[in-house]
Amino acid sequence: MHQGFSAFPLTPVTDDGVDEEAFAGIVDRLVTAGVDSLGVLGSTGSYAYLDRDERARVIEVAVAHSGDVPVVVGVGAPGTRQVLRHVEDATRWGADAVLLPPVTYQPITDDEVYGLYADVTAASELPVVVYDNPGTTHVTFGDELHARIAALPGIASIKIPPVDPDLAAARLRVERLRALLPDDVSVGISGDAVGAVGLLAGCDTWYSSLGGTIPGPLLAITRAAQRDDAEGALAASAALDPLWRAVGHHGSYRTAAVIAEHLGLAEAPCLPRPLRPLPEADREAIIAALPTDLV
């Protein structure tokens, strides 16, 4: 479950709530593509904009359509009470693991971050993936904090921020972190532009935001990296540089929404208010950056 390619599907949202039919279709597409796991209700999955009932329904739909593909469910919320309720829902609807970001409003200390993971692992038997994304959560994990958290029973994987695009530097980063972790805790890379580098540097998993809408080319990169075809993986990733630049400018959430609408996976607009569609020129640039053989 914490190896290979983990695709994070977009959760399309209309003025009436979650578009369950569109979401189910996106999950079906990912399962057919052969992804190794599904990461639902991540940042690309709109979790921060959904209430508890909507999030529970997303889990139910994802599990019902996932077949044999493991489902990792985001359970982030500002308060531990809310997090534990989302963990209960993930358990009830058959999730295989939970993804836990330390969502903040007030700044929180390392001890408070550790306490969040301690509370969740004590309350649930589901494996926990640590979500380290300072750009979203405004929490910066040091290696010592990662090591403290990874020692908790139930921690299964750590989703780290983008590594240095230089492969040698990335290897050193991954080796330094892995040396502090228990052997049974995997390391996953996020940041699609360096997904290939992260895998080649020793990460076990690519937690991919755009993999939820364009799984084909990113799965091909993953499989090349898994068979140690560094040249092929890096070349395939470099071919997507215009798309990586679009993500760097607009963020993965908005970029994924444009792609989903363009491919007919969701009706436009598919992001919740107050988010608005990107200007037409930006949308056209994203579409122009897509591989021509997408279906």
# chains A, B, ... in the order shown; residues from 1 in each chain; ligands from 1
call {"tool": "select_by_dssp", "arguments": {"residues": "stretch 178-240 of chain A", "states": "helix (DSSP H, G or I)", "output": "ChimeraX atom specification"}}
result
/A:178,192-200,210-212,215-226,230-238
call {"tool": "write_last_selection", "arguments": {"atoms": "N, CA and C atoms", "output": "JSON list (two decimals), in the first residue's frame"}}
result
[["chain", "number", "residue", "atom", "x", "y", "z"],
["A", 178, "ARG", "N", 15.92, 8.43, 6.13],
["A", 178, "ARG", "CA", 15.64, 7.01, 6.32],
["A", 178, "ARG", "C", 16.45, 6.42, 7.47],
["A", 192, "ASP", "N", 5.05, 16.77, -7.88],
["A", 192, "ASP", "CA", 5.14, 15.94, -9.09],
["A", 192, "ASP", "C", 6.35, 16.23, -9.96],
["A", 193, "ALA", "N", 6.82, 17.46, -9.95],
["A", 193, "ALA", "CA", 7.97, 17.81, -10.79],
["A", 193, "ALA", "C", 9.21, 17.03, -10.41],
["A", 194, "VAL", "N", 9.30, 16.58, -9.16],
["A", 194, "VAL", "CA", 10.46, 15.81, -8.72],
["A", 194, "VAL", "C", 10.07, 14.39, -8.31],
["A", 195, "GLY", "N", 8.92, 13.92, -8.79],
["A", 195, "GLY", "CA", 8.52, 12.57, -8.48],
["A", 195, "GLY", "C", 9.53, 11.54, -8.96],
["A", 196, "ALA", "N", 10.01, 11.71, -10.18],
["A", 196, "ALA", "CA", 11.00, 10.78, -10.72],
["A", 196, "ALA", "C", 12.28, 10.82, -9.91],
["A", 197, "VAL", "N", 12.74, 12.02, -9.59],
["A", 197, "VAL", "CA", 13.98, 12.16, -8.81],
["A", 197, "VAL", "C", 13.80, 11.51, -7.44],
["A", 198, "GLY", "N", 12.65, 11.74, -6.80],
["A", 198, "GLY", "CA", 12.42, 11.17, -5.48],
["A", 198, "GLY", "C", 12.47, 9.65, -5.49],
["A", 199, "LEU", "N", 11.82, 9.04, -6.47],
["A", 199, "LEU", "CA", 11.85, 7.58, -6.56],
["A", 199, "LEU", "C", 13.26, 7.06, -6.82],
["A", 200, "LEU", "N", 13.97, 7.70, -7.73],
["A", 200, "LEU", "CA", 15.34, 7.28, -8.04],
["A", 200, "LEU", "C", 16.28, 7.51, -6.86],
["A", 210, "LEU", "N", -1.28, 15.31, -9.49],
["A", 210, "LEU", "CA", -1.78, 15.25, -10.86],
["A", 210, "LEU", "C", -2.00, 13.81, -11.32],
["A", 211, "GLY", "N", -1.43, 12.85, -10.58],
["A", 211, "GLY", "CA", -1.71, 11.45, -10.90],
["A", 211, "GLY", "C", -3.17, 11.10, -10.79],
["A", 212, "GLY", "N", -3.94, 11.93, -10.09],
["A", 212, "GLY", "CA", -5.37, 11.68, -9.98],
["A", 212, "GLY", "C", -6.15, 12.05, -11.22],
["A", 215, "PRO", "N", -3.08, 9.79, -14.85],
["A", 215, "PRO", "CA", -2.26, 8.71, -14.30],
["A", 215, "PRO", "C", -1.30, 8.08, -15.29],
["A", 216, "GLY", "N", -1.67, 8.00, -16.56],
["A", 216, "GLY", "CA", -0.88, 7.26, -17.54],
["A", 216, "GLY", "C", 0.58, 7.66, -17.62],
["A", 217, "PRO", "N", 0.89, 8.92, -17.97],
["A", 217, "PRO", "CA", 2.29, 9.31, -18.11],
["A", 217, "PRO", "C", 3.07, 9.28, -16.80],
["A", 218, "LEU", "N", 2.39, 9.52, -15.69],
["A", 218, "LEU", "CA", 3.10, 9.51, -14.41],
["A", 218, "LEU", "C", 3.34, 8.07, -13.92],
["A", 219, "LEU", "N", 2.42, 7.18, -14.24],
["A", 219, "LEU", "CA", 2.66, 5.77, -13.96],
["A", 219, "LEU", "C", 3.85, 5.25, -14.78],
["A", 220, "ALA", "N", 3.96, 5.70, -16.03],
["A", 220, "ALA", "CA", 5.08, 5.28, -16.87],
["A", 220, "ALA", "C", 6.40, 5.73, -16.27],
["A", 221, "ILE", "N", 6.44, 6.94, -15.72],
["A", 221, "ILE", "CA", 7.64, 7.44, -15.06],
["A", 221, "ILE", "C", 7.96, 6.57, -13.84],
["A", 222, "THR", "N", 6.92, 6.25, -13.07],
["A", 222, "THR", "CA", 7.11, 5.43, -11.87],
["A", 222, "THR", "C", 7.69, 4.07, -12.22],
["A", 223, "ARG", "N", 7.10, 3.41, -13.21],
["A", 223, "ARG", "CA", 7.57, 2.08, -13.57],
["A", 223, "ARG", "C", 9.01, 2.12, -14.09],
["A", 224, "ALA", "N", 9.37, 3.17, -14.82],
["A", 224, "ALA", "CA", 10.76, 3.30, -15.27],
["A", 224, "ALA", "C", 11.70, 3.44, -14.08],
["A", 225, "ALA", "N", 11.32, 4.26, -13.11],
["A", 225, "ALA", "CA", 12.16, 4.44, -11.92],
["A", 225, "ALA", "C", 12.26, 3.15, -11.13],
["A", 226, "GLN", "N", 11.18, 2.40, -11.05],
["A", 226, "GLN", "CA", 11.19, 1.15, -10.29],
["A", 226, "GLN", "C", 12.10, 0.09, -10.90],
["A", 230, "ALA", "N", 16.91, 5.19, -14.89],
["A", 230, "ALA", "CA", 16.98, 6.60, -14.51],
["A", 230, "ALA", "C", 16.87, 7.50, -15.72],
["A", 231, "GLU", "N", 17.54, 7.15, -16.79],
["A", 231, "GLU", "CA", 17.51, 7.99, -17.99],
["A", 231, "GLU", "C", 16.09, 8.11, -18.53],
["A", 232, "GLY", "N", 15.39, 6.98, -18.60],
["A", 232, "GLY", "CA", 14.03, 7.02, -19.12],
["A", 232, "GLY", "C", 13.08, 7.78, -18.22],
["A", 233, "ALA", "N", 13.18, 7.56, -16.90],
["A", 233, "ALA", "CA", 12.28, 8.24, -15.97],
["A", 233, "ALA", "C", 12.50, 9.75, -15.99],
["A", 234, "LEU", "N", 13.76, 10.16, -15.98],
["A", 234, "LEU", "CA", 14.05, 11.60, -15.96],
["A", 234, "LEU", "C", 13.68, 12.26, -17.28],
["A", 235, "ALA", "N", 13.88, 11.56, -18.39],
["A", 235, "ALA", "CA", 13.52, 12.12, -19.69],
["A", 235, "ALA", "C", 12.01, 12.27, -19.81],
["A", 236, "ALA", "N", 11.27, 11.27, -19.33],
["A", 236, "ALA", "CA", 9.81, 11.35, -19.39],
["A", 236, "ALA", "C", 9.28, 12.47, -18.51],
["A", 237, "SER", "N", 9.92, 12.67, -17.36],
["A", 237, "SER", "CA", 9.51, 13.77, -16.49],
["A", 237, "SER", "C", 9.85, 15.12, -17.12],
["A", 238, "ALA", "N", 11.04, 15.22, -17.73],
["A", 238, "ALA", "CA", 11.46, 16.48, -18.36],
["A", 238, "ALA", "C", 10.52, 16.87, -19.50]]
call {"tool": "residues_around", "arguments": {"residues": "stretch 58-69 of chain A", "least_positions_apart": "2", "cutoff": "7 Å", "atoms": "only C-alpha atoms", "output": "PyMOL selection string"}}
result
chain A and resi 24+27-28+31+36-38+54-56+71+90+93-95
call {"tool": "write_last_selection", "arguments": {"atoms": "N, CA, C and O atoms", "output": "PDB file, in the first residue's frame"}}
result
ATOM      1  N   ALA A  24     -16.809   9.236  -8.765  1.00  0.00           N
ATOM      2  CA  ALA A  24     -16.765   7.792  -8.983  1.00  0.00           C
ATOM      3  C   ALA A  24     -16.101   7.473 -10.321  1.00  0.00           C
ATOM      4  O   ALA A  24     -15.307   6.518 -10.429  1.00  0.00           O
ATOM      5  N   VAL A  27     -12.337   7.831  -9.965  1.00  0.00           N
ATOM      6  CA  VAL A  27     -11.766   6.675  -9.257  1.00  0.00           C
ATOM      7  C   VAL A  27     -11.719   5.461 -10.177  1.00  0.00           C
ATOM      8  O   VAL A  27     -10.701   4.743 -10.238  1.00  0.00           O
ATOM      9  N   ASP A  28     -12.796   5.204 -10.910  1.00  0.00           N
ATOM     10  CA  ASP A  28     -12.811   4.083 -11.851  1.00  0.00           C
ATOM     11  C   ASP A  28     -11.657   4.185 -12.842  1.00  0.00           C
ATOM     12  O   ASP A  28     -11.005   3.179 -13.169  1.00  0.00           O
ATOM     13  N   VAL A  31      -8.341   3.226 -11.166  1.00  0.00           N
ATOM     14  CA  VAL A  31      -8.251   1.785 -10.951  1.00  0.00           C
ATOM     15  C   VAL A  31      -7.924   1.079 -12.261  1.00  0.00           C
ATOM     16  O   VAL A  31      -7.062   0.191 -12.325  1.00  0.00           O
ATOM     17  N   ASP A  36      -1.236   2.108  -7.791  1.00  0.00           N
ATOM     18  CA  ASP A  36      -0.953   1.209  -6.670  1.00  0.00           C
ATOM     19  C   ASP A  36      -1.789   1.524  -5.438  1.00  0.00           C
ATOM     20  O   ASP A  36      -2.023   0.646  -4.601  1.00  0.00           O
ATOM     21  N   SER A  37      -2.206   2.766  -5.290  1.00  0.00           N
ATOM     22  CA  SER A  37      -3.120   3.137  -4.205  1.00  0.00           C
ATOM     23  C   SER A  37      -3.805   4.441  -4.572  1.00  0.00           C
ATOM     24  O   SER A  37      -3.393   5.153  -5.498  1.00  0.00           O
ATOM     25  N   LEU A  38      -4.870   4.739  -3.844  1.00  0.00           N
ATOM     26  CA  LEU A  38      -5.646   5.962  -4.022  1.00  0.00           C
ATOM     27  C   LEU A  38      -5.513   6.815  -2.771  1.00  0.00           C
ATOM     28  O   LEU A  38      -5.692   6.314  -1.655  1.00  0.00           O
ATOM     29  N   GLU A  54     -20.143  15.072   3.923  1.00  0.00           N
ATOM     30  CA  GLU A  54     -19.638  15.019   2.554  1.00  0.00           C
ATOM     31  C   GLU A  54     -18.348  14.206   2.476  1.00  0.00           C
ATOM     32  O   GLU A  54     -18.156  13.401   1.546  1.00  0.00           O
ATOM     33  N   ARG A  55     -17.467  14.404   3.436  1.00  0.00           N
ATOM     34  CA  ARG A  55     -16.224  13.650   3.437  1.00  0.00           C
ATOM     35  C   ARG A  55     -16.476  12.160   3.627  1.00  0.00           C
ATOM     36  O   ARG A  55     -15.851  11.307   2.968  1.00  0.00           O
ATOM     37  N   ALA A  56     -17.401  11.821   4.509  1.00  0.00           N
ATOM     38  CA  ALA A  56     -17.733  10.411   4.717  1.00  0.00           C
ATOM     39  C   ALA A  56     -18.291   9.791   3.442  1.00  0.00           C
ATOM     40  O   ALA A  56     -17.967   8.635   3.097  1.00  0.00           O
ATOM     41  N   VAL A  71      -7.117   2.189  -0.366  1.00  0.00           N
ATOM     42  CA  VAL A  71      -7.598   3.566  -0.268  1.00  0.00           C
ATOM     43  C   VAL A  71      -7.028   4.207   0.995  1.00  0.00           C
ATOM     44  O   VAL A  71      -7.267   3.741   2.111  1.00  0.00           O
ATOM     45  N   ALA A  90     -13.448   7.034   8.313  1.00  0.00           N
ATOM     46  CA  ALA A  90     -12.566   6.264   7.426  1.00  0.00           C
ATOM     47  C   ALA A  90     -12.606   4.785   7.795  1.00  0.00           C
ATOM     48  O   ALA A  90     -12.649   3.904   6.920  1.00  0.00           O
ATOM     49  N   TRP A  93     -16.084   3.121   6.806  1.00  0.00           N
ATOM     50  CA  TRP A  93     -16.341   2.892   5.387  1.00  0.00           C
ATOM     51  C   TRP A  93     -15.250   2.082   4.703  1.00  0.00           C
ATOM     52  O   TRP A  93     -15.249   1.938   3.487  1.00  0.00           O
ATOM     53  N   GLY A  94     -14.315   1.535   5.468  1.00  0.00           N
ATOM     54  CA  GLY A  94     -13.415   0.545   4.909  1.00  0.00           C
ATOM     55  C   GLY A  94     -12.124   1.059   4.325  1.00  0.00           C
ATOM     56  O   GLY A  94     -11.521   0.386   3.478  1.00  0.00           O
ATOM     57  N   ALA A  95     -11.666   2.231   4.749  1.00  0.00           N
ATOM     58  CA  ALA A  95     -10.372   2.723   4.285  1.00  0.00           C
ATOM     59  C   ALA A  95      -9.252   1.807   4.761  1.00  0.00           C
ATOM     60  O   ALA A  95      -9.372   1.113   5.775  1.00  0.00           O
TER      61      ALA A  95
END
call {"tool": "residues_around", "arguments": {"residues": "A:Val247", "least_positions_apart": "3", "cutoff": "10 Å", "atoms": "only C-alpha atoms", "output": "PyMOL selection string"}}
result
chain A and resi 191-193+210+241-244+250-256+286
call {"tool": "residues_around", "arguments": {"residues": "A:Asp204", "least_positions_apart": "6", "cutoff": "8 Å", "atoms": "only C-alpha atoms", "output": "ChimeraX atom specification"}}
result
/A:2-4,186-189
call {"tool": "write_last_selection", "arguments": {"atoms": "N, CA, C and O atoms", "output": "CSV table (one decimal), in the first residue's frame"}}
result
chain,number,residue,atom,x,y,z
A,2,HIS,N,2.0,1.2,0.6
A,2,HIS,CA,2.9,2.4,0.7
A,2,HIS,C,4.1,2.3,-0.2
A,2,HIS,O,5.2,2.7,0.2
A,3,GLN,N,3.9,1.7,-1.4
A,3,GLN,CA,4.9,1.5,-2.3
A,3,GLN,C,4.4,1.9,-3.7
A,3,GLN,O,3.2,1.8,-4.0
A,4,GLY,N,5.2,2.4,-4.6
A,4,GLY,CA,4.8,2.6,-6.0
A,4,GLY,C,4.2,3.9,-6.2
A,4,GLY,O,4.6,5.0,-5.7
A,186,SER,N,7.8,3.7,5.5
A,186,SER,CA,8.2,4.1,4.2
A,186,SER,C,8.4,5.6,4.0
A,186,SER,O,7.9,6.3,4.8
A,187,VAL,N,9.1,6.0,3.0
A,187,VAL,CA,9.3,7.4,2.6
A,187,VAL,C,8.6,7.6,1.3
A,187,VAL,O,8.9,6.9,0.3
A,188,GLY,N,7.7,8.6,1.2
A,188,GLY,CA,7.1,8.9,-0.1
A,188,GLY,C,7.4,10.4,-0.5
A,188,GLY,O,7.5,11.3,0.4
A,189,ILE,N,7.5,10.6,-1.8
A,189,ILE,CA,7.8,11.9,-2.3
A,189,ILE,C,6.5,12.5,-2.8
A,189,ILE,O,5.6,11.9,-3.3
call {"tool": "closest_residue", "arguments": {"among": "A:Leu99, A:Leu275, A:Ala151, A:Leu145", "to": "A:Tyr114", "atoms": "only C-alpha atoms"}}
result
A:Leu145
call {"tool": "closest_residue", "arguments": {"among": "A:Val258, A:Gly25, A:Leu152, A:Leu263", "to": "A:Arg276", "atoms": "only C-alpha atoms"}}
result
A:Val258
call {"tool": "atom_distance", "arguments": {"atom1": "atom CA of A:Pro277", "atom2": "atom CA of A:Ser46"}}
result
14.8 Å
call {"tool": "select_by_dssp", "arguments": {"residues": "stretch 105-264 of chain A", "states": "strand (DSSP E)", "output": "ChimeraX atom specification"}}
result
/A:128-131,155-160,186-189,205-208
call {"tool": "write_last_selection", "arguments": {"atoms": "N, CA, C and O atoms", "output": "PDB file, in the first residue's frame"}}
result
ATOM      1  N   VAL A 128      -1.142   5.102   9.596  1.00  0.00           N
ATOM      2  CA  VAL A 128      -1.159   6.556   9.428  1.00  0.00           C
ATOM      3  C   VAL A 128      -0.013   6.976   8.527  1.00  0.00           C
ATOM      4  O   VAL A 128       1.145   6.587   8.740  1.00  0.00           O
ATOM      5  N   VAL A 129      -0.333   7.786   7.525  1.00  0.00           N
ATOM      6  CA  VAL A 129       0.675   8.424   6.677  1.00  0.00           C
ATOM      7  C   VAL A 129       0.847   9.859   7.157  1.00  0.00           C
ATOM      8  O   VAL A 129      -0.129  10.612   7.251  1.00  0.00           O
ATOM      9  N   VAL A 130       2.079  10.233   7.476  1.00  0.00           N
ATOM     10  CA  VAL A 130       2.381  11.596   7.927  1.00  0.00           C
ATOM     11  C   VAL A 130       2.443  12.509   6.715  1.00  0.00           C
ATOM     12  O   VAL A 130       3.186  12.243   5.769  1.00  0.00           O
ATOM     13  N   TYR A 131       1.679  13.584   6.761  1.00  0.00           N
ATOM     14  CA  TYR A 131       1.609  14.526   5.640  1.00  0.00           C
ATOM     15  C   TYR A 131       2.461  15.747   5.983  1.00  0.00           C
ATOM     16  O   TYR A 131       2.086  16.583   6.803  1.00  0.00           O
ATOM     17  N   ILE A 155       2.402   4.341  12.676  1.00  0.00           N
ATOM     18  CA  ILE A 155       2.916   5.200  11.607  1.00  0.00           C
ATOM     19  C   ILE A 155       3.473   4.304  10.507  1.00  0.00           C
ATOM     20  O   ILE A 155       4.346   3.466  10.745  1.00  0.00           O
ATOM     21  N   ALA A 156       2.956   4.486   9.289  1.00  0.00           N
ATOM     22  CA  ALA A 156       3.316   3.597   8.185  1.00  0.00           C
ATOM     23  C   ALA A 156       4.198   4.258   7.142  1.00  0.00           C
ATOM     24  O   ALA A 156       4.988   3.581   6.475  1.00  0.00           O
ATOM     25  N   SER A 157       4.058   5.567   6.968  1.00  0.00           N
ATOM     26  CA  SER A 157       4.767   6.234   5.882  1.00  0.00           C
ATOM     27  C   SER A 157       4.881   7.721   6.189  1.00  0.00           C
ATOM     28  O   SER A 157       4.061   8.264   6.935  1.00  0.00           O
ATOM     29  N   ILE A 158       5.882   8.350   5.595  1.00  0.00           N
ATOM     30  CA  ILE A 158       6.047   9.794   5.703  1.00  0.00           C
ATOM     31  C   ILE A 158       6.079  10.378   4.302  1.00  0.00           C
ATOM     32  O   ILE A 158       6.899   9.990   3.466  1.00  0.00           O
ATOM     33  N   LYS A 159       5.163  11.273   4.046  1.00  0.00           N
ATOM     34  CA  LYS A 159       5.054  11.956   2.752  1.00  0.00           C
ATOM     35  C   LYS A 159       5.844  13.257   2.856  1.00  0.00           C
ATOM     36  O   LYS A 159       5.414  14.202   3.520  1.00  0.00           O
ATOM     37  N   ILE A 160       7.026  13.296   2.231  1.00  0.00           N
ATOM     38  CA  ILE A 160       7.916  14.432   2.395  1.00  0.00           C
ATOM     39  C   ILE A 160       7.715  15.466   1.293  1.00  0.00           C
ATOM     40  O   ILE A 160       7.210  15.147   0.206  1.00  0.00           O
ATOM     41  N   SER A 186       7.796   3.700   5.503  1.00  0.00           N
ATOM     42  CA  SER A 186       8.235   4.054   4.154  1.00  0.00           C
ATOM     43  C   SER A 186       8.373   5.565   4.018  1.00  0.00           C
ATOM     44  O   SER A 186       7.851   6.344   4.828  1.00  0.00           O
ATOM     45  N   VAL A 187       9.074   5.965   2.966  1.00  0.00           N
ATOM     46  CA  VAL A 187       9.250   7.376   2.647  1.00  0.00           C
ATOM     47  C   VAL A 187       8.631   7.627   1.281  1.00  0.00           C
ATOM     48  O   VAL A 187       8.929   6.922   0.307  1.00  0.00           O
ATOM     49  N   GLY A 188       7.745   8.615   1.210  1.00  0.00           N
ATOM     50  CA  GLY A 188       7.087   8.945  -0.051  1.00  0.00           C
ATOM     51  C   GLY A 188       7.390  10.360  -0.474  1.00  0.00           C
ATOM     52  O   GLY A 188       7.471  11.266   0.358  1.00  0.00           O
ATOM     53  N   ILE A 189       7.531  10.555  -1.768  1.00  0.00           N
ATOM     54  CA  ILE A 189       7.827  11.877  -2.320  1.00  0.00           C
ATOM     55  C   ILE A 189       6.538  12.547  -2.787  1.00  0.00           C
ATOM     56  O   ILE A 189       5.643  11.900  -3.330  1.00  0.00           O
ATOM     57  N   THR A 205       7.475   5.590  -2.469  1.00  0.00           N
ATOM     58  CA  THR A 205       6.174   5.917  -3.033  1.00  0.00           C
ATOM     59  C   THR A 205       6.214   7.305  -3.643  1.00  0.00           C
ATOM     60  O   THR A 205       6.900   8.200  -3.151  1.00  0.00           O
ATOM     61  N   TRP A 206       5.454   7.477  -4.702  1.00  0.00           N
ATOM     62  CA  TRP A 206       5.210   8.812  -5.260  1.00  0.00           C
ATOM     63  C   TRP A 206       3.757   9.151  -4.942  1.00  0.00           C
ATOM     64  O   TRP A 206       2.836   8.568  -5.488  1.00  0.00           O
ATOM     65  N   TYR A 207       3.557  10.078  -4.008  1.00  0.00           N
ATOM     66  CA  TYR A 207       2.223  10.573  -3.675  1.00  0.00           C
ATOM     67  C   TYR A 207       1.916  11.717  -4.645  1.00  0.00           C
ATOM     68  O   TYR A 207       2.383  12.843  -4.463  1.00  0.00           O
ATOM     69  N   SER A 208       1.115  11.437  -5.653  1.00  0.00           N
ATOM     70  CA  SER A 208       0.996  12.337  -6.804  1.00  0.00           C
ATOM     71  C   SER A 208      -0.342  13.046  -6.863  1.00  0.00           C
ATOM     72  O   SER A 208      -1.400  12.407  -6.899  1.00  0.00           O
TER      73      SER A 208
END
call {"tool": "residues_around", "arguments": {"residues": "A:Arg173", "least_positions_apart": "4", "cutoff": "12 Å", "atoms": "only C-alpha atoms", "output": "ChimeraX atom specification"}}
result
/A:143,160-169,177-180,187,189,197-198,201-203
call {"tool": "residues_around", "arguments": {"residues": "A:Pro12", "least_positions_apart": "6", "cutoff": "8 Å", "atoms": "only C-alpha atoms", "output": "PDB file with N, CA and C atoms, in the first residue's frame"}}
result
ATOM      1  N   VAL A  18     -20.702  17.742  -3.399  1.00  0.00           N
ATOM      2  CA  VAL A  18     -19.819  16.840  -4.134  1.00  0.00           C
ATOM      3  C   VAL A  18     -20.548  16.232  -5.324  1.00  0.00           C
ATOM      4  N   ASP A  19     -19.879  16.252  -6.477  1.00  0.00           N
ATOM      5  CA  ASP A  19     -20.402  15.581  -7.665  1.00  0.00           C
ATOM      6  C   ASP A  19     -19.978  14.115  -7.570  1.00  0.00           C
ATOM      7  N   GLU A  20     -20.833  13.307  -6.946  1.00  0.00           N
ATOM      8  CA  GLU A  20     -20.459  11.921  -6.661  1.00  0.00           C
ATOM      9  C   GLU A  20     -20.268  11.101  -7.930  1.00  0.00           C
ATOM     10  N   ALA A  22     -19.224  12.144 -10.899  1.00  0.00           N
ATOM     11  CA  ALA A  22     -17.940  12.495 -11.500  1.00  0.00           C
ATOM     12  C   ALA A  22     -16.786  11.916 -10.690  1.00  0.00           C
ATOM     13  N   PHE A  23     -16.898  11.983  -9.368  1.00  0.00           N
ATOM     14  CA  PHE A  23     -15.831  11.447  -8.520  1.00  0.00           C
ATOM     15  C   PHE A  23     -15.697   9.943  -8.722  1.00  0.00           C
ATOM     16  N   GLY A  45      -8.035  16.695  -3.179  1.00  0.00           N
ATOM     17  CA  GLY A  45      -9.350  16.103  -2.974  1.00  0.00           C
ATOM     18  C   GLY A  45     -10.349  16.993  -2.279  1.00  0.00           C
ATOM     19  N   SER A  46     -10.031  18.282  -2.133  1.00  0.00           N
ATOM     20  CA  SER A  46     -10.997  19.293  -1.657  1.00  0.00           C
ATOM     21  C   SER A  46     -11.404  19.136  -0.200  1.00  0.00           C
ATOM     22  N   ALA A 257      -7.959  20.706 -11.620  1.00  0.00           N
ATOM     23  CA  ALA A 257      -9.342  21.033 -11.974  1.00  0.00           C
ATOM     24  C   ALA A 257      -9.459  21.370 -13.457  1.00  0.00           C
ATOM     25  N   ALA A 266     -15.080  16.091 -15.188  1.00  0.00           N
ATOM     26  CA  ALA A 266     -15.918  16.896 -14.291  1.00  0.00           C
ATOM     27  C   ALA A 266     -16.457  18.075 -15.065  1.00  0.00           C
ATOM     28  N   CYS A 270     -15.553  23.068 -11.238  1.00  0.00           N
ATOM     29  CA  CYS A 270     -15.594  21.915 -10.334  1.00  0.00           C
ATOM     30  C   CYS A 270     -14.868  22.179  -9.018  1.00  0.00           C
ATOM     31  N   LEU A 271     -14.514  23.455  -8.765  1.00  0.00           N
ATOM     32  CA  LEU A 271     -13.901  23.813  -7.491  1.00  0.00           C
ATOM     33  C   LEU A 271     -14.898  24.585  -6.629  1.00  0.00           C
TER      34      LEU A 271
END
call {"tool": "closest_residue", "arguments": {"among": "A:Ser209, A:Ser190, A:Pro127, A:Val174", "to": "A:Leu41", "atoms": "only C-alpha atoms"}}
result
A:Ser209
call {"tool": "atom_distance", "arguments": {"atom1": "atom CA of A:Val98", "atom2": "atom CA of A:Ala268"}}
result
29.3 Å
call {"tool": "closest_residue", "arguments": {"among": "A:His86, A:Glu267, A:Arg57, A:Thr80", "to": "A:Tyr117", "atoms": "only C-alpha atoms"}}
result
A:Thr80
